[in-house]
Structures are given as C-alpha cells and as structure tokens.
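Below is the file entry.cif, which contains mmCIF, C-alpha atoms.
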```
data_coords
#
loop_
_atom_site.label_atom_id
_atom_site.label_comp_id
_atom_site.auth_asym_id
_atom_site.auth_seq_id
_atom_site.Cartn_x
_atom_site.Cartn_y
_atom_site.Cartn_z
CA MET A 1 -11.29 6.47 3.56
CA GLN A 2 -10.91 2.74 3.12
CA PRO A 3 -8.69 0.23 4.91
CA ASN A 4 -5.29 -0.32 3.42
CA ARG A 5 -6.17 -3.87 2.27
CA PRO A 6 -9.88 -4.06 1.43
CA ALA A 7 -10.12 -7.82 1.92
CA ARG A 8 -13.42 -7.55 3.79
CA THR A 9 -16.40 -5.23 3.92
CA ASP A 10 -17.54 -4.06 7.34
CA PRO A 11 -20.33 -1.43 7.62
CA ARG A 12 -18.99 -0.27 10.98
CA ALA A 13 -15.57 0.30 9.44
CA ALA A 14 -17.16 2.27 6.60
CA ALA A 15 -19.08 4.46 9.03
CA GLN A 16 -15.99 5.07 11.14
CA GLN A 17 -13.91 6.06 8.15
CA ALA A 18 -16.63 8.35 6.86
CA ARG A 19 -16.37 10.31 10.11
CA MET A 20 -12.60 10.62 9.79
CA ALA A 21 -12.74 11.41 6.08
CA ALA A 22 -14.65 14.59 6.82
CA SER A 23 -11.37 16.05 8.06
CA LEU A 24 -9.52 15.35 4.81
CA ALA A 25 -10.35 17.62 1.90
CA GLY A 26 -10.05 16.68 -1.80
CA ALA A 27 -12.21 15.57 -4.69
CA VAL A 28 -12.43 11.88 -5.58
CA ASP A 29 -13.07 10.38 -9.00
CA LEU A 30 -16.19 8.35 -8.16
CA ALA A 31 -16.04 6.25 -11.32
CA ALA A 32 -12.46 5.28 -10.59
CA VAL A 33 -13.33 4.47 -6.99
CA GLN A 34 -16.20 2.24 -8.14
CA ALA A 35 -13.94 0.35 -10.53
CA ARG A 36 -11.30 -0.08 -7.84
CA ASN A 37 -13.92 -1.26 -5.34
CA GLU A 38 -15.17 -3.85 -7.81
CA ALA A 39 -11.60 -5.09 -8.35
CA ALA A 40 -11.06 -5.21 -4.61
CA ALA A 41 -14.26 -7.23 -4.17
CA ARG A 42 -13.10 -9.76 -6.76
CA ALA A 43 -9.74 -9.99 -5.02
CA ALA A 44 -11.46 -10.59 -1.69
CA ALA A 45 -13.36 -13.51 -3.20
CA ALA A 46 -10.24 -15.08 -4.70
CA PRO A 47 -7.88 -17.35 -2.75
CA PRO A 48 -4.68 -15.63 -1.60
CA PRO A 49 -1.46 -16.35 -3.52
CA SER A 50 0.59 -19.26 -2.28
CA ALA A 51 4.15 -20.34 -2.90
CA ALA A 52 2.91 -23.93 -2.50
CA ALA A 53 0.79 -23.73 -5.66
CA PRO A 54 2.49 -25.02 -8.83
CA ALA A 55 4.40 -22.30 -10.68
CA GLY A 56 2.34 -20.86 -13.52
CA ALA A 57 -1.01 -21.90 -12.03
CA PRO A 58 -3.66 -19.33 -10.98
CA GLY A 59 -3.07 -18.33 -7.36
CA SER A 60 0.59 -19.23 -7.48
CA ALA A 61 3.34 -16.86 -6.35
CA VAL A 62 4.63 -17.19 -9.95
CA VAL A 63 1.99 -17.10 -12.67
CA ASP A 64 1.96 -16.83 -16.46
CA VAL A 65 -0.32 -14.01 -17.58
CA THR A 66 -2.10 -13.40 -20.88
CA GLU A 67 -4.34 -10.66 -22.14
CA ALA A 68 -7.32 -12.78 -21.03
CA THR A 69 -6.07 -13.23 -17.45
CA PHE A 70 -4.43 -9.83 -16.88
CA GLN A 71 -7.46 -8.40 -15.08
CA SER A 72 -7.77 -11.26 -12.59
CA GLU A 73 -4.12 -12.20 -12.09
CA VAL A 74 -2.62 -8.70 -12.08
CA LEU A 75 -5.12 -5.90 -11.49
CA ASP A 76 -7.47 -7.76 -9.14
CA ARG A 77 -4.65 -9.63 -7.42
CA SER A 78 -2.85 -6.36 -6.72
CA PHE A 79 -5.58 -5.55 -4.19
CA GLN A 80 -4.30 -8.49 -2.15
CA VAL A 81 -0.52 -8.21 -2.59
CA PRO A 82 1.89 -6.27 -4.84
CA VAL A 83 2.29 -7.84 -8.28
CA VAL A 84 5.59 -7.66 -10.18
CA LEU A 85 5.28 -7.95 -13.96
CA ASP A 86 8.16 -9.68 -15.76
CA LEU A 87 7.84 -8.79 -19.44
CA TRP A 88 10.02 -11.14 -21.50
CA ALA A 89 10.42 -12.99 -24.81
CA GLU A 90 11.96 -16.32 -25.76
CA TRP A 91 14.62 -14.69 -27.95
CA CYS A 92 15.75 -12.27 -25.21
CA GLY A 93 19.04 -13.35 -23.61
CA PRO A 94 18.97 -10.90 -20.67
CA CYS A 95 15.39 -12.07 -19.91
CA LYS A 96 16.73 -15.59 -19.36
CA GLN A 97 19.15 -14.17 -16.80
CA LEU A 98 16.64 -12.07 -14.87
CA SER A 99 13.52 -14.27 -14.92
CA PRO A 100 14.95 -17.15 -12.83
CA VAL A 101 16.12 -14.65 -10.22
CA LEU A 102 12.66 -13.09 -9.94
CA GLU A 103 11.03 -16.53 -9.79
CA ARG A 104 13.30 -17.59 -6.94
CA LEU A 105 12.61 -14.36 -5.02
CA ALA A 106 8.85 -14.77 -5.51
CA THR A 107 9.00 -18.30 -4.11
CA GLU A 108 10.99 -17.03 -1.14
CA GLY A 109 8.32 -14.36 -0.63
CA ALA A 110 5.83 -17.10 0.28
CA GLY A 111 2.81 -15.26 -1.10
CA SER A 112 3.70 -11.76 0.12
CA TRP A 113 3.99 -10.71 -3.55
CA VAL A 114 3.26 -12.26 -6.93
CA LEU A 115 5.44 -12.52 -10.02
CA ALA A 116 3.31 -12.26 -13.18
CA LYS A 117 5.20 -13.32 -16.31
CA VAL A 118 4.11 -11.83 -19.64
CA ASP A 119 5.44 -13.07 -22.99
CA VAL A 120 5.41 -9.84 -25.02
CA ASP A 121 5.41 -11.68 -28.37
CA ALA A 122 2.31 -13.67 -27.42
CA ASN A 123 0.61 -10.64 -25.83
CA PRO A 124 1.45 -7.58 -27.95
CA ALA A 125 -1.56 -5.57 -26.79
CA LEU A 126 -0.40 -5.87 -23.17
CA ALA A 127 3.10 -4.80 -24.12
CA GLN A 128 1.71 -1.79 -25.96
CA GLY A 129 -0.67 -0.88 -23.17
CA LEU A 130 2.14 -1.06 -20.62
CA ARG A 131 4.37 1.08 -22.88
CA VAL A 132 7.16 -1.44 -22.99
CA GLN A 133 10.16 0.09 -24.76
CA GLY A 134 12.63 -2.74 -24.21
CA ILE A 135 12.92 -6.08 -22.44
CA PRO A 136 13.37 -7.42 -19.91
CA ALA A 137 11.01 -4.88 -18.39
CA VAL A 138 9.80 -5.11 -14.80
CA LYS A 139 6.80 -3.16 -13.54
CA ALA A 140 5.21 -3.28 -10.08
CA VAL A 141 1.44 -2.97 -9.59
CA TRP A 142 -0.30 -2.19 -6.29
CA GLN A 143 -4.00 -1.48 -5.80
CA GLY A 144 -4.46 -1.43 -9.58
CA GLN A 145 -1.76 1.18 -10.22
CA LEU A 146 1.82 1.08 -11.50
CA VAL A 147 4.08 2.11 -8.62
CA ALA A 148 7.63 1.24 -9.77
CA GLU A 149 9.55 -0.13 -12.74
CA PHE A 150 12.95 -0.77 -14.28
CA THR A 151 14.27 -2.04 -17.61
CA GLY A 152 17.13 -4.45 -18.26
CA ALA A 153 18.70 -7.31 -16.36
CA ILE A 154 20.06 -6.38 -12.93
CA PRO A 155 22.07 -8.37 -10.35
CA GLU A 156 20.17 -10.50 -7.84
CA GLU A 157 21.11 -8.17 -4.98
CA GLN A 158 19.46 -5.23 -6.74
CA ALA A 159 16.40 -7.31 -7.68
CA ARG A 160 16.04 -8.38 -4.06
CA GLN A 161 16.29 -4.76 -2.95
CA PHE A 162 13.60 -3.80 -5.46
CA VAL A 163 11.06 -6.33 -4.20
CA THR A 164 11.98 -5.72 -0.55
CA GLU A 165 11.37 -1.98 -0.90
CA LEU A 166 8.19 -2.65 -2.89
CA VAL A 167 6.69 -4.87 -0.21
CA ALA A 168 7.78 -2.50 2.57
CA ALA A 169 6.18 0.49 0.84
CA THR A 170 2.90 -1.28 0.03
CA SER A 171 1.55 -4.23 2.00
CA GLY A 172 4.33 -4.39 4.57
CA GLY A 173 4.72 -8.11 3.88
CA ALA A 174 1.32 -9.20 5.21
CA VAL A 175 -0.06 -12.34 3.57
CA PRO A 176 -3.84 -12.13 2.97
CA GLY A 177 -5.95 -14.71 4.74
CA ALA A 178 -3.36 -15.32 7.47
CA ASP A 179 -5.80 -14.29 10.20
CA GLY A 180 -8.36 -16.90 9.04
CA GLU A 181 -11.67 -17.39 10.75
CA ALA A 182 -10.74 -15.32 13.80
CA GLY A 183 -10.61 -12.17 11.66
CA GLU A 184 -13.98 -12.90 10.07
CA ALA A 185 -15.61 -13.53 13.43
CA ALA A 186 -14.43 -10.13 14.64
CA GLU A 187 -16.34 -8.46 11.81
CA ALA A 188 -19.67 -9.03 13.47
CA GLU A 189 -21.52 -6.07 14.93
CA ASP A 190 -19.45 -4.90 17.88
CA PRO A 191 -21.14 -2.80 20.59
CA ARG A 192 -17.72 -1.84 21.95
CA LEU A 193 -17.34 0.54 19.02
CA ASP A 194 -20.29 2.62 20.18
CA GLU A 195 -18.29 4.35 22.92
CA ALA A 196 -15.51 5.30 20.52
CA GLU A 197 -17.91 6.52 17.85
CA ALA A 198 -19.83 8.60 20.37
CA ALA A 199 -16.56 10.24 21.45
CA LEU A 200 -15.74 11.03 17.83
CA ASP A 201 -19.18 12.53 17.29
CA ARG A 202 -18.61 14.97 20.16
CA GLY A 203 -15.03 15.70 19.09
CA ASP A 204 -13.33 14.06 22.07
CA LEU A 205 -10.31 12.47 20.40
CA ALA A 206 -8.67 11.46 23.70
CA ALA A 207 -11.73 9.46 24.73
CA ALA A 208 -12.01 7.89 21.29
CA GLU A 209 -8.36 6.85 21.41
CA ALA A 210 -8.83 5.32 24.86
CA ALA A 211 -11.87 3.38 23.67
CA TYR A 212 -10.12 1.97 20.62
CA ARG A 213 -7.08 1.04 22.73
CA GLY A 214 -9.36 -0.84 25.10
CA ILE A 215 -10.79 -2.85 22.22
CA LEU A 216 -7.32 -3.68 20.89
CA ASP A 217 -6.04 -4.65 24.31
CA ALA A 218 -8.73 -7.32 24.43
CA GLU A 219 -8.62 -8.17 20.71
CA PRO A 220 -5.36 -7.12 18.97
CA ASP A 221 -6.58 -8.18 15.48
CA HIS A 222 -9.91 -6.33 15.57
CA PRO A 223 -10.75 -5.41 11.92
CA VAL A 224 -11.97 -1.87 12.67
CA ALA A 225 -10.26 -0.64 15.81
CA GLY A 226 -6.68 -0.86 14.52
CA LEU A 227 -7.11 1.53 11.60
CA ALA A 228 -9.49 3.73 13.57
CA LEU A 229 -6.90 4.10 16.34
CA ARG A 230 -4.20 5.13 13.85
CA GLN A 231 -6.55 7.72 12.37
CA VAL A 232 -7.44 9.16 15.76
CA GLN A 233 -3.78 9.23 16.76
CA LEU A 234 -2.94 11.15 13.61
CA PHE A 235 -5.47 13.86 14.39
CA ARG A 236 -4.31 14.03 18.00
CA ARG A 237 -0.69 14.44 16.85
CA ALA A 238 -1.80 17.15 14.43
CA GLU A 239 -3.55 19.04 17.23
CA GLU A 240 -0.54 18.72 19.53
CA ALA A 241 1.93 19.80 16.83
CA GLY A 242 -0.02 22.91 15.87
CA PRO A 243 1.01 25.49 13.26
CA ASP A 244 4.38 25.96 14.99
CA ALA A 245 5.39 22.52 13.66
CA LEU A 246 5.83 23.98 10.18
CA ALA A 247 8.26 26.66 11.33
CA ALA A 248 10.15 24.10 13.42
CA ALA A 249 10.53 21.82 10.41
CA GLN A 250 11.81 24.64 8.22
CA ALA A 251 14.30 25.68 10.89
CA ALA A 252 15.64 22.12 11.31
CA PRO A 253 15.50 20.34 7.93
CA ASP A 254 17.73 17.50 9.20
CA ASP A 255 15.51 16.78 12.22
CA VAL A 256 13.34 13.88 11.04
CA THR A 257 11.10 14.09 14.09
CA ALA A 258 10.36 17.73 13.30
CA GLN A 259 9.56 16.78 9.70
CA THR A 260 7.14 14.02 10.73
CA ARG A 261 5.39 16.37 13.17
CA ALA A 262 4.96 18.92 10.40
CA ALA A 263 3.60 16.22 8.06
CA ASP A 264 1.09 15.18 10.71
CA PHE A 265 -0.07 18.77 11.09
CA LEU A 266 -0.43 19.19 7.32
CA LEU A 267 -2.43 15.99 6.95
CA GLY A 268 -4.59 16.74 9.97
CA THR A 269 -5.54 20.10 8.46
CA GLY A 270 -6.38 18.61 5.05
CA ASP A 271 -3.17 19.32 3.13
CA VAL A 272 -2.63 15.74 1.96
CA ASP A 273 -0.32 16.65 -0.93
CA GLY A 274 1.80 18.84 1.33
CA ALA A 275 2.21 16.11 3.93
CA PHE A 276 3.22 13.54 1.33
CA ALA A 277 5.63 15.92 -0.42
CA LEU A 278 7.35 16.86 2.83
CA LEU A 279 8.11 13.24 3.77
CA LEU A 280 9.06 12.28 0.22
CA ASP A 281 11.66 15.04 0.33
CA VAL A 282 13.03 13.61 3.58
CA VAL A 283 13.26 10.12 2.06
CA ARG A 284 15.12 11.45 -0.99
CA ARG A 285 17.78 13.35 0.96
CA THR A 286 18.41 11.02 3.89
CA ALA A 287 19.81 7.54 4.42
CA GLY A 288 19.90 4.79 7.00
CA GLU A 289 17.70 5.06 10.07
CA ASP A 290 16.45 8.57 9.24
CA ARG A 291 15.31 7.44 5.80
CA ASP A 292 13.58 4.37 7.22
CA THR A 293 11.80 6.48 9.84
CA ALA A 294 10.49 8.85 7.18
CA ARG A 295 9.46 5.95 4.93
CA LYS A 296 7.53 4.17 7.69
CA HIS A 297 5.77 7.39 8.69
CA LEU A 298 4.79 8.10 5.09
CA VAL A 299 3.39 4.58 4.63
CA GLU A 300 1.39 5.09 7.83
CA LEU A 301 -0.08 8.28 6.38
CA PHE A 302 -0.99 6.38 3.19
CA ASP A 303 -2.92 3.96 5.40
CA VAL A 304 -4.71 6.78 7.22
CA VAL A 305 -5.75 8.54 4.00
CA GLY A 306 -6.79 5.28 2.27
CA GLU A 307 -5.94 3.70 -1.06
CA ASP A 308 -9.08 5.06 -2.74
CA ASP A 309 -7.79 8.61 -2.42
CA PRO A 310 -6.37 9.62 -5.83
CA ARG A 311 -3.32 11.23 -4.20
CA VAL A 312 -2.04 8.03 -2.62
CA GLY A 313 -1.16 6.18 -5.83
CA PRO A 314 1.16 8.88 -7.25
CA ALA A 315 2.78 9.32 -3.85
CA ARG A 316 3.46 5.58 -3.58
CA ARG A 317 5.08 5.64 -7.02
CA ALA A 318 7.20 8.60 -5.98
CA LEU A 319 8.22 6.73 -2.83
CA MET A 320 9.31 3.68 -4.81
CA THR A 321 11.31 5.91 -7.16
CA ALA A 322 13.01 7.56 -4.19
CA LEU A 323 13.82 4.23 -2.53
CA PHE A 324 15.16 2.37 -5.55
#
```
What would the structure in this file look like if it were written as structure tokens?
Amino acid sequence: MQPNRPARTDPRAAAQQARMAASLAGAVDLAAVQARNEAAARAAAAPPPSAAAPAGAPGSAVVDVTEATFQSEVLDRSFQVPVVLDLWAEWCGPCKQLSPVLERLATEGAGSWVLAKVDVDANPALAQGLRVQGIPAVKAVWQGQLVAEFTGAIPEEQARQFVTELVAATSGGAVPGADGEAGEAAEAEDPRLDEAEAALDRGDLAAAEAAYRGILDAEPDHPVAGLALRQVQLFRRAEEAGPDALAAAQAAPDDVTAQTRAADFLLGTGDVDGAFALLLDVVRRTAGEDRDTARKHLVELFDVVGEDDPRVGPARRALMTALF
C-alpha cells in the first residue's frame, strides 16, 4: 500500500506498508501501478498549485489546458490535489455562466484543488477521449482517475457543494508542500521505527500501536508513523470486532457504529470490496451526521488500502456519486 498523497518517497514507509499489505488480498495491475507511480513522481517534482499564481499560468489554481499539457496539468497534478475539468466553448452560453463561478471557487480554494479549463473546439481529441456529450461538462480527476462529473450549468450553491464534497472525499483539503522543510527532514532514517516494526514482525499490534503513538506524540507530522498508526488501528479494530460484527450490522442497519465495525472486520480480513460496499450503502441511505460519519470512515479506509489498489478508484467514484 502507498500513502494517500505520494508526494515523497521513503524506503521505511515502503517497507512498513509492505508488511501491512500482506493482510490485504487482491491482484494489482503492475503496469498501471508503474504508470501511476511515474505520474506521482512527476507531481512530486512540480511546485504545488497556488491561488497567487496568475490565472491560466502553469501551477495556478486556474489553468488553461491543451492536448499538449493535459498530462502535466491534469493527470500528474491530480496526484497532488483534485483537478476539476471545465470543458467549454466560446459559442456556449451556459459555459459563460458556469465558468466564472468555478474560477471564483478555485481561487477561494487557495490551491486545495485546481480548475483546468479545456476549450473543446481547440482540443477535439481531448473532448473525444473524455467522452464529452454536451457542454458545459465538468469532470473531476483524482490520482489519475475520473471520480465525478456533471453536465450543464448549475447554480453556484450546487457547484460549491460539488467541489466541497470532492475535496472532502479525496485530499481532505490538504495543500501540498504546506509542511515544508520540516516534513522533508523527518524523512531521514528514523531508528524509532525499529521498535514498531519489530512488534509488527512478531504480530504484536498493541505494542506496534504504542510505538507509533510515541513517535507521533514527539513528532505529530512524522511522514511514516501517521499512516502506519492508522493501519495498525484498523487491524486492531478488526480483531476486536470479530465475525460477530457482521451479524450485528445486519441486525441493526441504522446503527452507523455497527456498520463501521463490520466494515473494519471485512477490510481486516481481506474483503476490501465488501468493506467499501457496506459503507457506500450507508452513505447512500443516510443523511446528516450519520452520513458524514460513514463518509469519513470510508475515506479513512481508502487511505489504509492505498491509492494504488485498483479497487479504491471505483469506490471513490461511487462515493462522489452518492454524495452529489
């Protein structure tokens, strides 16, 4: 499994995740993973998006995209932040209503997401490749995959909801590069990880959790310990829930806590699809605080499994469809 935002490469993180990945079954398309890793590496080398950059310039929160720049400004950039494609044309009246709204929201987002504007008349191959049936068309890209879309002009309130739900379901609003040099310094070889890794090797999840907590108490932004702790906590919750969690969830379909416990058990035993499907069902049939609890728990499970897993992309798209 890989970290949710592969902005850096840390051999200790890779080793840690390899240990945890052994508990999650499922084949991976190695060619696809290699291509995604290469895109992530290019994104890591690029400056993060900034609302301060002039609109339309590379690295801006609002950028004009062509067939020549689609790879770098959309696919690669989506490994840093979610990218919203605005597919438009000069002759399109509704486009002239929607585009200024999206541009304003992107500027307000301050680099937490990017608006990529595509003139479909000037870039017909892009429009065809994206299967554009009508404009304005809006499509969201995260980690190189389409995760949500809509067609036609919508009110600003609905557009704001769309981008808010998109950011919440993907990056959580984090702006890449915000941790600066402190984060890079923490990547150095860290002997404090040895205790946690030794506990994992002997199957002592409680000791591993305690070790990772100790690291985070001293260094809250540690680049390895945070994700590792969430992974260990997931497997501890799965052990504590046990097989009875499934029966409890079936007996109380409106009990969100019971549903999240069952999802933890499913994921901890390797049933990734089952865990995702269970929480997606909760999101679809609930509202308010219950829905938000299920959404947050599902996003946490995405993080634990890792974006390179082929099951995460479709589940993210299903989540966006359920939310919007």
### Message
One decimal, in Å: what's the spacing between CA of Gly144 (chain A) and CA of Val120 (chain A)?
### Response
20.2 Å
Find the nearest atom pair between each residue of region 215-296 of chain A and region 161-168 of chain A for residues within 12 Å, count all atoms listed in the file, give distances in Å to one decimal, sort rows by chain and ascending number, and present the table as CSV.
```
residue,atom,partner,partner_atom,distance
A:Asp292,CA,A:Ala168,CA,10.1
A:Arg295,CA,A:Ala168,CA,8.9
A:Lys296,CA,A:Ala168,CA,8.4
```
### Task
Report as a ChimeraX atom specification the residues that result from applying the PyMOL selection byres ((chain A and resi 150) around 12) to the structure here.
/A:84-87,98,132-140,146-149,151-154,158-159,162-163,320-321,324
Include C-alpha atoms and write out the residues we just selected as a tab-separated table (two decimals), in the frame of the given file.
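Result file follows (again_24.tsv):
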```tsv
chain	number	residue	atom	x	y	z
A	84	VAL	CA	5.59	-7.66	-10.18
A	85	LEU	CA	5.28	-7.95	-13.96
A	86	ASP	CA	8.16	-9.68	-15.76
A	87	LEU	CA	7.84	-8.79	-19.44
A	98	LEU	CA	16.64	-12.07	-14.87
A	132	VAL	CA	7.16	-1.44	-22.99
A	133	GLN	CA	10.16	0.09	-24.76
A	134	GLY	CA	12.63	-2.74	-24.21
A	135	ILE	CA	12.92	-6.08	-22.44
A	136	PRO	CA	13.37	-7.42	-19.91
A	137	ALA	CA	11.01	-4.88	-18.39
A	138	VAL	CA	9.80	-5.11	-14.80
A	139	LYS	CA	6.80	-3.16	-13.54
A	140	ALA	CA	5.21	-3.28	-10.08
A	146	LEU	CA	1.82	1.08	-11.50
A	147	VAL	CA	4.08	2.11	-8.62
A	148	ALA	CA	7.63	1.24	-9.77
A	149	GLU	CA	9.55	-0.13	-12.74
A	151	THR	CA	14.27	-2.04	-17.61
A	152	GLY	CA	17.13	-4.45	-18.26
A	153	ALA	CA	18.70	-7.31	-16.36
A	154	ILE	CA	20.06	-6.38	-12.93
A	158	GLN	CA	19.46	-5.23	-6.74
A	159	ALA	CA	16.40	-7.31	-7.68
A	162	PHE	CA	13.60	-3.80	-5.46
A	163	VAL	CA	11.06	-6.33	-4.20
A	320	MET	CA	9.31	3.68	-4.81
A	321	THR	CA	11.31	5.91	-7.16
A	324	PHE	CA	15.16	2.37	-5.55
```
### Task
Measuring atom to atom with all atoms listed in the file, identify which of A:Gln250, A:Asn123, A:Thr260, A:Ser112 is nearest to Val83 (chain A).
A:Ser112
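CA of Val272 (chain A) lies 14.9 Å from CA of Leu319 (chain A).
Nearest-residue note for Val256 (chain A): choosing from A:Ala68, A:Ala294, A:Ala225, A:Leu193, the minimum distance belongs to A:Ala294, counting all atoms listed in the file.
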